[in-house]
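Structure first, commentary second.
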Amino acid sequence: MSMQQQNNAEEVLDSNYDFLIKFMLLGDSGVGKTCFLHRYMEGEFRSRFTATVGVDFRLKKLDYDFPEDDGADSKKKIHLQIWDTAGQERYRSLTKAFFRDGMGFLLIFDVGNLETFHAVREWLVEIKEEAYCENPDIILIGNKKDLDSRAVSEKQGRQLANELKIPYFETSAATGENIIQSVNALLKLVVTRMRSLMIVSQGQAYRTGNSGSSDATADTNTPREISASLDTDSRRDEDTSANTACSC
Ligand code: GTP
Ligand code: MG
């Protein structure tokens with residue numbers, strides 16, 4: 001085993017965290033999911049297109065100001081796993097099997113490709129069918145906002161997001177615009193939900209990353225904050241060195 005592989009394995013096995021949160025990147029093939037993740041983790045753009053086969057994940061370690069009962073914040077260690085899925089139809093049955101572990105979903109389309117925008121509703125049906133609850137936290141993302149010629153306007157994207165009652169971001173993996181902000185917005189939604197579940201279940205829900213708990217499953221109506229912005233100060237740690245890639 002190489003030193004790098006050993007480091008990666010150690011990162012995955014590191015259990016020194018308060019919460020393990022799993023996000024899924026979904027959307028048609030070519031919308032930029034892998035580039036989005038690469039930009040988030042490495043701060044770089046990969047222009048080469050290699051379609052993802054199956055699923056991969058990357059791990060990011062964060063210190064997060066978590067709200068306490070008394071209204072104060074306390075720092076919690078969060079291990080954020082972001083799962084990158086293959087958009088190609090032929091991998092759908094495989095990738096769907098992972099949806100249930102997702103605590104939040106980044107649903108991406110390409111603003112330069114109308115077909116990928118139309119596919120958003122189909123992805124939503126699949127998320128609602130397969131996720132741990134009927135009403136999971138989802139952010140709609142129009143990626144490739146750097147493109148000169150667009151097939152989907154920002155207004156169309158926002159209209160769809162408003163109709164679906166989910167936040168909308170336009171991002172560019174090429175320039176990095178809004179990548180961190182959109183992940184943080186989803187993190188905030190999920191942490192808010194975790195917080196409300198923990199109040200109900202006295203701190204057991206989601207602990208150890210078990211999103212399939214009965215508490216979580218029963219929760220379809222937790223109030224959600226529909227906000228397109230996030231206080232990025234709440235994320236103190238952007239350590240890109242602490243990551244691990246795994247193929248499954
Ligand atoms: P699958 O793995 O098949 O599901 O595709 P994917 O969604 O992971 O697409 P990927 O990230 O591999 O990107 C597909 C192509 O789009 C690549 O050629 C990228 O360089 C390009 N791309 C991704 N993001 C952007 C972006 O923000 N702007 C521009 N201009 N191109 C992008
Ligand atoms: Mg990919």
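Chain labels run A, B, ... following the order of the structure tokens; each chain numbers its residues from 1, and ligands are numbered from 1 in the order shown.
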So that each row is one residue of chain A with an atom at most 12 Å from ligand 2, can you give its shortest atom pair and the distance in Å to one decimal, using only C-alpha atoms and all ligand atoms, rows by chain and rising number, as a Markdown table?
```
| residue | atom | partner | partner_atom_place_in_ligand_line | distance |
| --- | --- | --- | --- | --- |
| A:Leu25 | CA | ligand 2 | 1 (Mg) | 9.2 |
| A:Leu26 | CA | ligand 2 | 1 (Mg) | 9.5 |
| A:Gly27 | CA | ligand 2 | 1 (Mg) | 9.5 |
| A:Asp28 | CA | ligand 2 | 1 (Mg) | 9.3 |
| A:Ser29 | CA | ligand 2 | 1 (Mg) | 6.9 |
| A:Gly30 | CA | ligand 2 | 1 (Mg) | 6.9 |
| A:Val31 | CA | ligand 2 | 1 (Mg) | 8.3 |
| A:Gly32 | CA | ligand 2 | 1 (Mg) | 6.7 |
| A:Lys33 | CA | ligand 2 | 1 (Mg) | 5.3 |
| A:Thr34 | CA | ligand 2 | 1 (Mg) | 4.1 |
| A:Cys35 | CA | ligand 2 | 1 (Mg) | 7.2 |
| A:Phe36 | CA | ligand 2 | 1 (Mg) | 9.1 |
| A:Leu37 | CA | ligand 2 | 1 (Mg) | 9.0 |
| A:His38 | CA | ligand 2 | 1 (Mg) | 9.9 |
| A:Arg46 | CA | ligand 2 | 1 (Mg) | 11.0 |
| A:Ser47 | CA | ligand 2 | 1 (Mg) | 11.8 |
| A:Arg48 | CA | ligand 2 | 1 (Mg) | 10.5 |
| A:Phe49 | CA | ligand 2 | 1 (Mg) | 7.9 |
| A:Thr50 | CA | ligand 2 | 1 (Mg) | 6.7 |
| A:Ala51 | CA | ligand 2 | 1 (Mg) | 4.9 |
| A:Thr52 | CA | ligand 2 | 1 (Mg) | 3.9 |
| A:Val53 | CA | ligand 2 | 1 (Mg) | 7.6 |
| A:Gly54 | CA | ligand 2 | 1 (Mg) | 9.1 |
| A:Val55 | CA | ligand 2 | 1 (Mg) | 8.6 |
| A:Asp56 | CA | ligand 2 | 1 (Mg) | 8.9 |
| A:Phe57 | CA | ligand 2 | 1 (Mg) | 11.0 |
| A:Trp83 | CA | ligand 2 | 1 (Mg) | 10.4 |
| A:Asp84 | CA | ligand 2 | 1 (Mg) | 6.6 |
| A:Thr85 | CA | ligand 2 | 1 (Mg) | 6.5 |
| A:Ala86 | CA | ligand 2 | 1 (Mg) | 5.5 |
| A:Gly87 | CA | ligand 2 | 1 (Mg) | 6.9 |
| A:Gln88 | CA | ligand 2 | 1 (Mg) | 9.1 |
| A:Tyr91 | CA | ligand 2 | 1 (Mg) | 11.7 |
| A:Ile108 | CA | ligand 2 | 1 (Mg) | 11.4 |
```
Could you take the residues named above and write them with C-alpha atoms, as a CSV table (one decimal), in the first residue's frame?
```csv
chain,number,residue,atom,x,y,z
A,25,LEU,CA,-24.5,14.9,-6.2
A,26,LEU,CA,-27.1,14.0,-8.8
A,27,GLY,CA,-28.0,15.0,-12.3
A,28,ASP,CA,-27.7,13.9,-15.9
A,29,SER,CA,-24.3,12.9,-17.4
A,30,GLY,CA,-22.1,15.8,-18.3
A,31,VAL,CA,-23.8,18.5,-16.1
A,32,GLY,CA,-20.5,18.8,-14.2
A,33,LYS,CA,-21.0,16.8,-11.0
A,34,THR,CA,-17.4,15.5,-10.9
A,35,CYS,CA,-16.0,18.9,-11.7
A,36,PHE,CA,-18.2,20.5,-9.1
A,37,LEU,CA,-16.8,18.1,-6.5
A,38,HIS,CA,-13.2,18.5,-7.7
A,46,ARG,CA,-10.8,19.8,-14.6
A,47,SER,CA,-11.8,20.4,-18.2
A,48,ARG,CA,-11.4,16.8,-19.2
A,49,PHE,CA,-14.7,14.8,-19.4
A,50,THR,CA,-14.4,11.3,-18.0
A,51,ALA,CA,-17.9,10.0,-17.3
A,52,THR,CA,-18.1,8.6,-13.7
A,53,VAL,CA,-18.6,4.9,-13.4
A,54,GLY,CA,-20.8,4.0,-10.5
A,55,VAL,CA,-20.1,6.2,-7.5
A,56,ASP,CA,-17.2,7.9,-5.7
A,57,PHE,CA,-17.0,9.9,-2.6
A,83,TRP,CA,-21.0,11.2,-3.1
A,84,ASP,CA,-20.5,11.7,-6.8
A,85,THR,CA,-22.8,9.5,-8.9
A,86,ALA,CA,-22.7,8.5,-12.5
A,87,GLY,CA,-25.4,10.4,-14.5
A,88,GLN,CA,-25.6,7.8,-17.2
A,91,TYR,CA,-25.8,3.1,-13.8
A,108,ILE,CA,-27.5,19.7,-10.8
```
Review point. Can you list every residue in range 1-162 of chain A that DSSP puts in alpha helix (DSSP H), as a ChimeraX atom specification?
Key: /A:3-13,33-42,92-99,114-118,120-130,154-162
Please save N, CA and C atoms of the selected residues as a compact mmCIF listing (two decimals), in the first residue's frame.
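Everything below was put into out37.txt:
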```
# COMPACT_ATOMS: atom_id res chain seq x y z
N MET A 3 1.98 5.27 0.44
CA MET A 3 1.77 6.20 1.56
C MET A 3 0.45 6.96 1.39
N GLN A 4 0.15 7.36 0.12
CA GLN A 4 -1.08 8.10 -0.14
C GLN A 4 -2.31 7.25 0.16
N GLN A 5 -2.29 6.00 -0.30
CA GLN A 5 -3.41 5.11 -0.04
C GLN A 5 -3.60 4.89 1.45
N GLN A 6 -2.45 4.77 2.15
CA GLN A 6 -2.53 4.57 3.59
C GLN A 6 -3.15 5.80 4.28
N ASN A 7 -2.72 6.99 3.83
CA ASN A 7 -3.30 8.21 4.39
C ASN A 7 -4.79 8.28 4.14
N ASN A 8 -5.20 7.92 2.90
CA ASN A 8 -6.62 7.95 2.55
C ASN A 8 -7.42 7.00 3.43
N ALA A 9 -6.90 5.80 3.60
CA ALA A 9 -7.60 4.81 4.41
C ALA A 9 -7.73 5.32 5.85
N GLU A 10 -6.66 5.95 6.34
CA GLU A 10 -6.72 6.48 7.71
C GLU A 10 -7.77 7.57 7.84
N GLU A 11 -7.89 8.40 6.78
CA GLU A 11 -8.89 9.46 6.81
C GLU A 11 -10.29 8.88 6.92
N VAL A 12 -10.56 7.84 6.13
CA VAL A 12 -11.89 7.24 6.13
C VAL A 12 -12.18 6.59 7.48
N LEU A 13 -11.17 5.97 8.06
CA LEU A 13 -11.37 5.27 9.32
C LEU A 13 -11.36 6.19 10.52
N LYS A 33 -21.01 17.29 -12.37
CA LYS A 33 -20.99 16.85 -10.96
C LYS A 33 -19.56 16.58 -10.47
N THR A 34 -18.81 15.85 -11.28
CA THR A 34 -17.45 15.51 -10.86
C THR A 34 -16.58 16.77 -10.80
N CYS A 35 -16.78 17.67 -11.76
CA CYS A 35 -16.02 18.93 -11.75
C CYS A 35 -16.41 19.79 -10.55
N PHE A 36 -17.69 19.77 -10.22
CA PHE A 36 -18.18 20.51 -9.06
C PHE A 36 -17.45 20.02 -7.80
N LEU A 37 -17.41 18.70 -7.66
CA LEU A 37 -16.78 18.12 -6.47
C LEU A 37 -15.28 18.40 -6.46
N HIS A 38 -14.67 18.29 -7.63
CA HIS A 38 -13.23 18.54 -7.72
C HIS A 38 -12.94 20.00 -7.34
N ARG A 39 -13.76 20.89 -7.84
CA ARG A 39 -13.57 22.31 -7.51
C ARG A 39 -13.75 22.53 -6.00
N TYR A 40 -14.77 21.89 -5.42
CA TYR A 40 -15.02 22.06 -3.98
C TYR A 40 -13.85 21.52 -3.15
N MET A 41 -13.34 20.38 -3.54
CA MET A 41 -12.29 19.75 -2.75
C MET A 41 -10.91 20.34 -3.02
N GLU A 42 -10.63 20.57 -4.28
CA GLU A 42 -9.26 20.95 -4.66
C GLU A 42 -9.12 22.42 -5.05
N ARG A 92 -28.05 3.73 -13.31
CA ARG A 92 -29.09 4.26 -12.43
C ARG A 92 -29.48 3.31 -11.29
N SER A 93 -29.63 2.03 -11.63
CA SER A 93 -30.07 1.12 -10.56
C SER A 93 -28.98 1.01 -9.49
N LEU A 94 -27.72 1.10 -9.91
CA LEU A 94 -26.62 1.05 -8.93
C LEU A 94 -26.62 2.33 -8.08
N THR A 95 -26.69 3.48 -8.73
CA THR A 95 -26.57 4.73 -7.96
C THR A 95 -27.78 4.94 -7.04
N LYS A 96 -28.97 4.49 -7.52
CA LYS A 96 -30.17 4.66 -6.69
C LYS A 96 -30.04 3.97 -5.33
N ALA A 97 -29.28 2.89 -5.33
CA ALA A 97 -29.10 2.14 -4.08
C ALA A 97 -28.40 3.00 -3.02
N PHE A 98 -27.71 4.05 -3.46
CA PHE A 98 -26.98 4.90 -2.51
C PHE A 98 -27.83 6.09 -2.03
N PHE A 99 -28.97 6.33 -2.71
CA PHE A 99 -29.75 7.52 -2.37
C PHE A 99 -30.19 7.51 -0.90
N LEU A 114 -30.76 22.21 -22.32
CA LEU A 114 -32.16 22.21 -21.91
C LEU A 114 -32.63 20.84 -21.43
N GLU A 115 -32.12 19.81 -22.08
CA GLU A 115 -32.55 18.45 -21.72
C GLU A 115 -32.24 18.14 -20.25
N THR A 116 -31.08 18.60 -19.81
CA THR A 116 -30.69 18.31 -18.42
C THR A 116 -31.58 19.08 -17.44
N PHE A 117 -32.10 20.21 -17.89
CA PHE A 117 -33.03 21.00 -17.07
C PHE A 117 -34.37 20.27 -16.97
N HIS A 118 -34.84 19.76 -18.11
CA HIS A 118 -36.10 19.03 -18.11
C HIS A 118 -36.01 17.76 -17.26
N VAL A 120 -34.69 17.43 -14.46
CA VAL A 120 -34.68 17.72 -13.02
C VAL A 120 -35.90 17.09 -12.33
N ARG A 121 -37.07 17.19 -12.98
CA ARG A 121 -38.29 16.64 -12.35
C ARG A 121 -38.19 15.13 -12.19
N GLU A 122 -37.59 14.47 -13.19
CA GLU A 122 -37.44 13.01 -13.08
C GLU A 122 -36.50 12.65 -11.93
N TRP A 123 -35.43 13.43 -11.79
CA TRP A 123 -34.50 13.17 -10.68
C TRP A 123 -35.21 13.36 -9.35
N LEU A 124 -36.07 14.36 -9.29
CA LEU A 124 -36.78 14.60 -8.03
C LEU A 124 -37.69 13.44 -7.67
N VAL A 125 -38.36 12.88 -8.67
CA VAL A 125 -39.23 11.73 -8.41
C VAL A 125 -38.38 10.60 -7.82
N GLU A 126 -37.22 10.38 -8.42
CA GLU A 126 -36.36 9.29 -7.93
C GLU A 126 -35.84 9.57 -6.53
N ILE A 127 -35.49 10.82 -6.27
CA ILE A 127 -35.01 11.16 -4.92
C ILE A 127 -36.12 10.89 -3.91
N LYS A 128 -37.31 11.35 -4.21
CA LYS A 128 -38.40 11.19 -3.26
C LYS A 128 -38.75 9.72 -3.05
N GLU A 129 -38.58 8.93 -4.09
CA GLU A 129 -38.86 7.49 -3.96
C GLU A 129 -37.81 6.78 -3.12
N GLU A 130 -36.56 7.19 -3.30
CA GLU A 130 -35.46 6.40 -2.73
C GLU A 130 -34.86 6.99 -1.45
N GLU A 154 -31.53 32.22 -16.04
CA GLU A 154 -31.54 32.20 -14.57
C GLU A 154 -32.98 32.28 -14.06
N LYS A 155 -33.81 33.06 -14.78
CA LYS A 155 -35.21 33.20 -14.37
C LYS A 155 -35.92 31.84 -14.42
N GLN A 156 -35.67 31.07 -15.47
CA GLN A 156 -36.31 29.74 -15.58
C GLN A 156 -35.86 28.83 -14.43
N GLY A 157 -34.57 28.90 -14.13
CA GLY A 157 -34.05 28.08 -13.03
C GLY A 157 -34.70 28.45 -11.72
N ARG A 158 -34.80 29.76 -11.47
CA ARG A 158 -35.40 30.22 -10.20
C ARG A 158 -36.88 29.87 -10.13
N GLN A 159 -37.56 29.98 -11.28
CA GLN A 159 -38.99 29.66 -11.29
C GLN A 159 -39.21 28.20 -10.91
N LEU A 160 -38.39 27.33 -11.49
CA LEU A 160 -38.54 25.90 -11.18
C LEU A 160 -38.25 25.66 -9.70
N ALA A 161 -37.19 26.27 -9.21
CA ALA A 161 -36.83 26.07 -7.80
C ALA A 161 -37.94 26.60 -6.88
N ASN A 162 -38.52 27.74 -7.23
CA ASN A 162 -39.61 28.29 -6.42
C ASN A 162 -40.80 27.35 -6.41
```
Practice item. Please measure the separation of CA of Lys76 in chain A and CA of Arg193 in chain A, giving the value in Å to one decimal. Key: 15.6 Å
Review point. Can you list, as number ranges by chain, every protein, DNA or RNA residue that comes within 10 Å of range 164-170 of chain A when you count only C-alpha atoms, leaving out same-chain residues fewer than 4 positions away?
Key: A: 107-111, 121, 124, 137-146, 154, 157-160, 177-179, 181-183, 185-186, 224-229
Take the residues just selected and output them with N, CA and C atoms as an mmCIF file, in the first residue's frame.
```cif
data_model
loop_
_atom_site.group_PDB
_atom_site.id
_atom_site.type_symbol
_atom_site.label_atom_id
_atom_site.label_comp_id
_atom_site.auth_asym_id
_atom_site.auth_seq_id
_atom_site.Cartn_x
_atom_site.Cartn_y
_atom_site.Cartn_z
ATOM 1 N N LEU A 107 -28.788 18.709 -6.613
ATOM 2 C CA LEU A 107 -29.362 18.280 -7.889
ATOM 3 C C LEU A 107 -28.943 19.281 -8.965
ATOM 4 N N ILE A 108 -28.155 18.792 -9.894
ATOM 5 C CA ILE A 108 -27.474 19.696 -10.837
ATOM 6 C C ILE A 108 -27.997 19.533 -12.261
ATOM 7 N N PHE A 109 -28.186 20.663 -12.950
ATOM 8 C CA PHE A 109 -28.383 20.628 -14.401
ATOM 9 C C PHE A 109 -27.369 21.583 -15.024
ATOM 10 N N ASP A 110 -27.283 21.516 -16.341
ATOM 11 C CA ASP A 110 -26.328 22.336 -17.094
ATOM 12 C C ASP A 110 -27.125 23.472 -17.750
ATOM 13 N N VAL A 111 -26.798 24.706 -17.424
ATOM 14 C CA VAL A 111 -27.564 25.840 -17.971
ATOM 15 C C VAL A 111 -27.420 25.951 -19.491
ATOM 16 N N ARG A 121 -37.068 17.190 -12.978
ATOM 17 C CA ARG A 121 -38.287 16.643 -12.349
ATOM 18 C C ARG A 121 -38.194 15.125 -12.194
ATOM 19 N N LEU A 124 -36.071 14.358 -9.293
ATOM 20 C CA LEU A 124 -36.785 14.603 -8.034
ATOM 21 C C LEU A 124 -37.691 13.441 -7.667
ATOM 22 N N ASP A 137 -33.727 17.315 2.161
ATOM 23 C CA ASP A 137 -33.182 18.631 1.795
ATOM 24 C C ASP A 137 -32.467 18.539 0.448
ATOM 25 N N ILE A 138 -32.887 19.427 -0.441
ATOM 26 C CA ILE A 138 -32.353 19.419 -1.815
ATOM 27 C C ILE A 138 -32.028 20.858 -2.214
ATOM 28 N N ILE A 139 -30.925 21.016 -2.924
ATOM 29 C CA ILE A 139 -30.599 22.310 -3.525
ATOM 30 C C ILE A 139 -30.560 22.102 -5.042
ATOM 31 N N LEU A 140 -31.221 22.972 -5.765
ATOM 32 C CA LEU A 140 -31.167 22.899 -7.231
ATOM 33 C C LEU A 140 -30.023 23.782 -7.720
ATOM 34 N N ILE A 141 -29.211 23.215 -8.594
ATOM 35 C CA ILE A 141 -28.031 23.949 -9.075
ATOM 36 C C ILE A 141 -28.001 23.990 -10.600
ATOM 37 N N GLY A 142 -27.928 25.198 -11.132
ATOM 38 C CA GLY A 142 -27.676 25.373 -12.565
ATOM 39 C C GLY A 142 -26.185 25.594 -12.714
ATOM 40 N N ASN A 143 -25.467 24.592 -13.213
ATOM 41 C CA ASN A 143 -24.006 24.697 -13.326
ATOM 42 C C ASN A 143 -23.614 25.195 -14.720
ATOM 43 N N LYS A 144 -22.372 25.588 -14.862
ATOM 44 C CA LYS A 144 -21.759 26.136 -16.085
ATOM 45 C C LYS A 144 -22.274 27.551 -16.349
ATOM 46 N N LYS A 145 -22.444 28.312 -15.283
ATOM 47 C CA LYS A 145 -22.954 29.670 -15.484
ATOM 48 C C LYS A 145 -21.958 30.568 -16.207
ATOM 49 N N ASP A 146 -20.738 30.085 -16.361
ATOM 50 C CA ASP A 146 -19.726 30.849 -17.116
ATOM 51 C C ASP A 146 -19.958 30.799 -18.622
ATOM 52 N N GLU A 154 -31.531 32.225 -16.038
ATOM 53 C CA GLU A 154 -31.537 32.202 -14.573
ATOM 54 C C GLU A 154 -32.981 32.282 -14.064
ATOM 55 N N GLY A 157 -34.572 28.896 -14.129
ATOM 56 C CA GLY A 157 -34.048 28.080 -13.034
ATOM 57 C C GLY A 157 -34.703 28.452 -11.721
ATOM 58 N N ARG A 158 -34.800 29.757 -11.466
ATOM 59 C CA ARG A 158 -35.397 30.221 -10.198
ATOM 60 C C ARG A 158 -36.880 29.865 -10.126
ATOM 61 N N GLN A 159 -37.556 29.985 -11.276
ATOM 62 C CA GLN A 159 -38.986 29.656 -11.290
ATOM 63 C C GLN A 159 -39.214 28.197 -10.909
ATOM 64 N N LEU A 160 -38.393 27.327 -11.491
ATOM 65 C CA LEU A 160 -38.542 25.903 -11.179
ATOM 66 C C LEU A 160 -38.252 25.656 -9.698
ATOM 67 N N GLU A 177 -17.368 29.948 -8.976
ATOM 68 C CA GLU A 177 -18.434 30.800 -8.435
ATOM 69 C C GLU A 177 -19.537 29.965 -7.779
ATOM 70 N N ASN A 178 -19.857 30.330 -6.559
ATOM 71 C CA ASN A 178 -20.980 29.744 -5.800
ATOM 72 C C ASN A 178 -20.851 28.269 -5.451
ATOM 73 N N ILE A 179 -19.716 27.676 -5.677
ATOM 74 C CA ILE A 179 -19.568 26.242 -5.361
ATOM 75 C C ILE A 179 -19.630 26.046 -3.843
ATOM 76 N N GLN A 181 -20.605 28.166 -1.596
ATOM 77 C CA GLN A 181 -21.853 28.721 -1.055
ATOM 78 C C GLN A 181 -23.001 27.718 -1.171
ATOM 79 N N SER A 182 -23.075 27.010 -2.296
ATOM 80 C CA SER A 182 -24.196 26.081 -2.466
ATOM 81 C C SER A 182 -24.055 24.875 -1.534
ATOM 82 N N VAL A 183 -22.836 24.397 -1.354
ATOM 83 C CA VAL A 183 -22.631 23.280 -0.417
ATOM 84 C C VAL A 183 -22.967 23.743 1.003
ATOM 85 N N ALA A 185 -25.012 26.063 1.874
ATOM 86 C CA ALA A 185 -26.462 26.249 2.028
ATOM 87 C C ALA A 185 -27.131 24.918 2.347
ATOM 88 N N LEU A 186 -26.679 23.869 1.679
ATOM 89 C CA LEU A 186 -27.257 22.550 1.955
ATOM 90 C C LEU A 186 -26.858 22.083 3.353
ATOM 91 N N ARG A 224 -38.370 23.758 6.819
ATOM 92 C CA ARG A 224 -37.075 23.953 6.179
ATOM 93 C C ARG A 224 -36.872 25.424 5.866
ATOM 94 N N GLU A 225 -35.663 25.827 6.064
ATOM 95 C CA GLU A 225 -35.342 27.214 5.768
ATOM 96 C C GLU A 225 -35.012 27.329 4.290
ATOM 97 N N ILE A 226 -35.820 28.054 3.539
ATOM 98 C CA ILE A 226 -35.575 28.219 2.116
ATOM 99 C C ILE A 226 -34.769 29.496 1.940
ATOM 100 N N SER A 227 -33.488 29.310 1.878
ATOM 101 C CA SER A 227 -32.612 30.474 1.828
ATOM 102 C C SER A 227 -31.548 30.270 0.781
ATOM 103 N N ALA A 228 -31.334 31.274 -0.019
ATOM 104 C CA ALA A 228 -30.337 31.125 -1.076
ATOM 105 C C ALA A 228 -28.980 31.662 -0.649
ATOM 106 N N SER A 229 -28.847 31.991 0.621
ATOM 107 C CA SER A 229 -27.557 32.486 1.059
ATOM 108 C C SER A 229 -27.174 31.860 2.380
#
```
Review point. With only C-alpha atoms as the basis for distance, which of A:Gly43, A:His79, A:Asp73, A:Ser153 is at the shortest distance from Ser15 in chain A?
Key: A:His79
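Distance-wise, CA of Asp70 in chain A and CA of Gly102 in chain A end up 29.2 Å apart.
For the set A:Leu20, A:Leu80, A:Pro136, A:Leu59, the residue with the smallest atom-to-atom gap to Leu189 in chain A is A:Pro136, counting only C-alpha atoms.
Nearest-residue note for ligand 1: choosing from A:Asn184, A:Phe45, A:Glu68, A:Val191, the minimum distance belongs to A:Phe45, counting only C-alpha atoms and all ligand atoms.
Nearest to ligand 1 of all the residues A:Lys75, A:Ala174, A:Ala119, A:Leu187 is A:Ala174, counting only C-alpha atoms and all ligand atoms.
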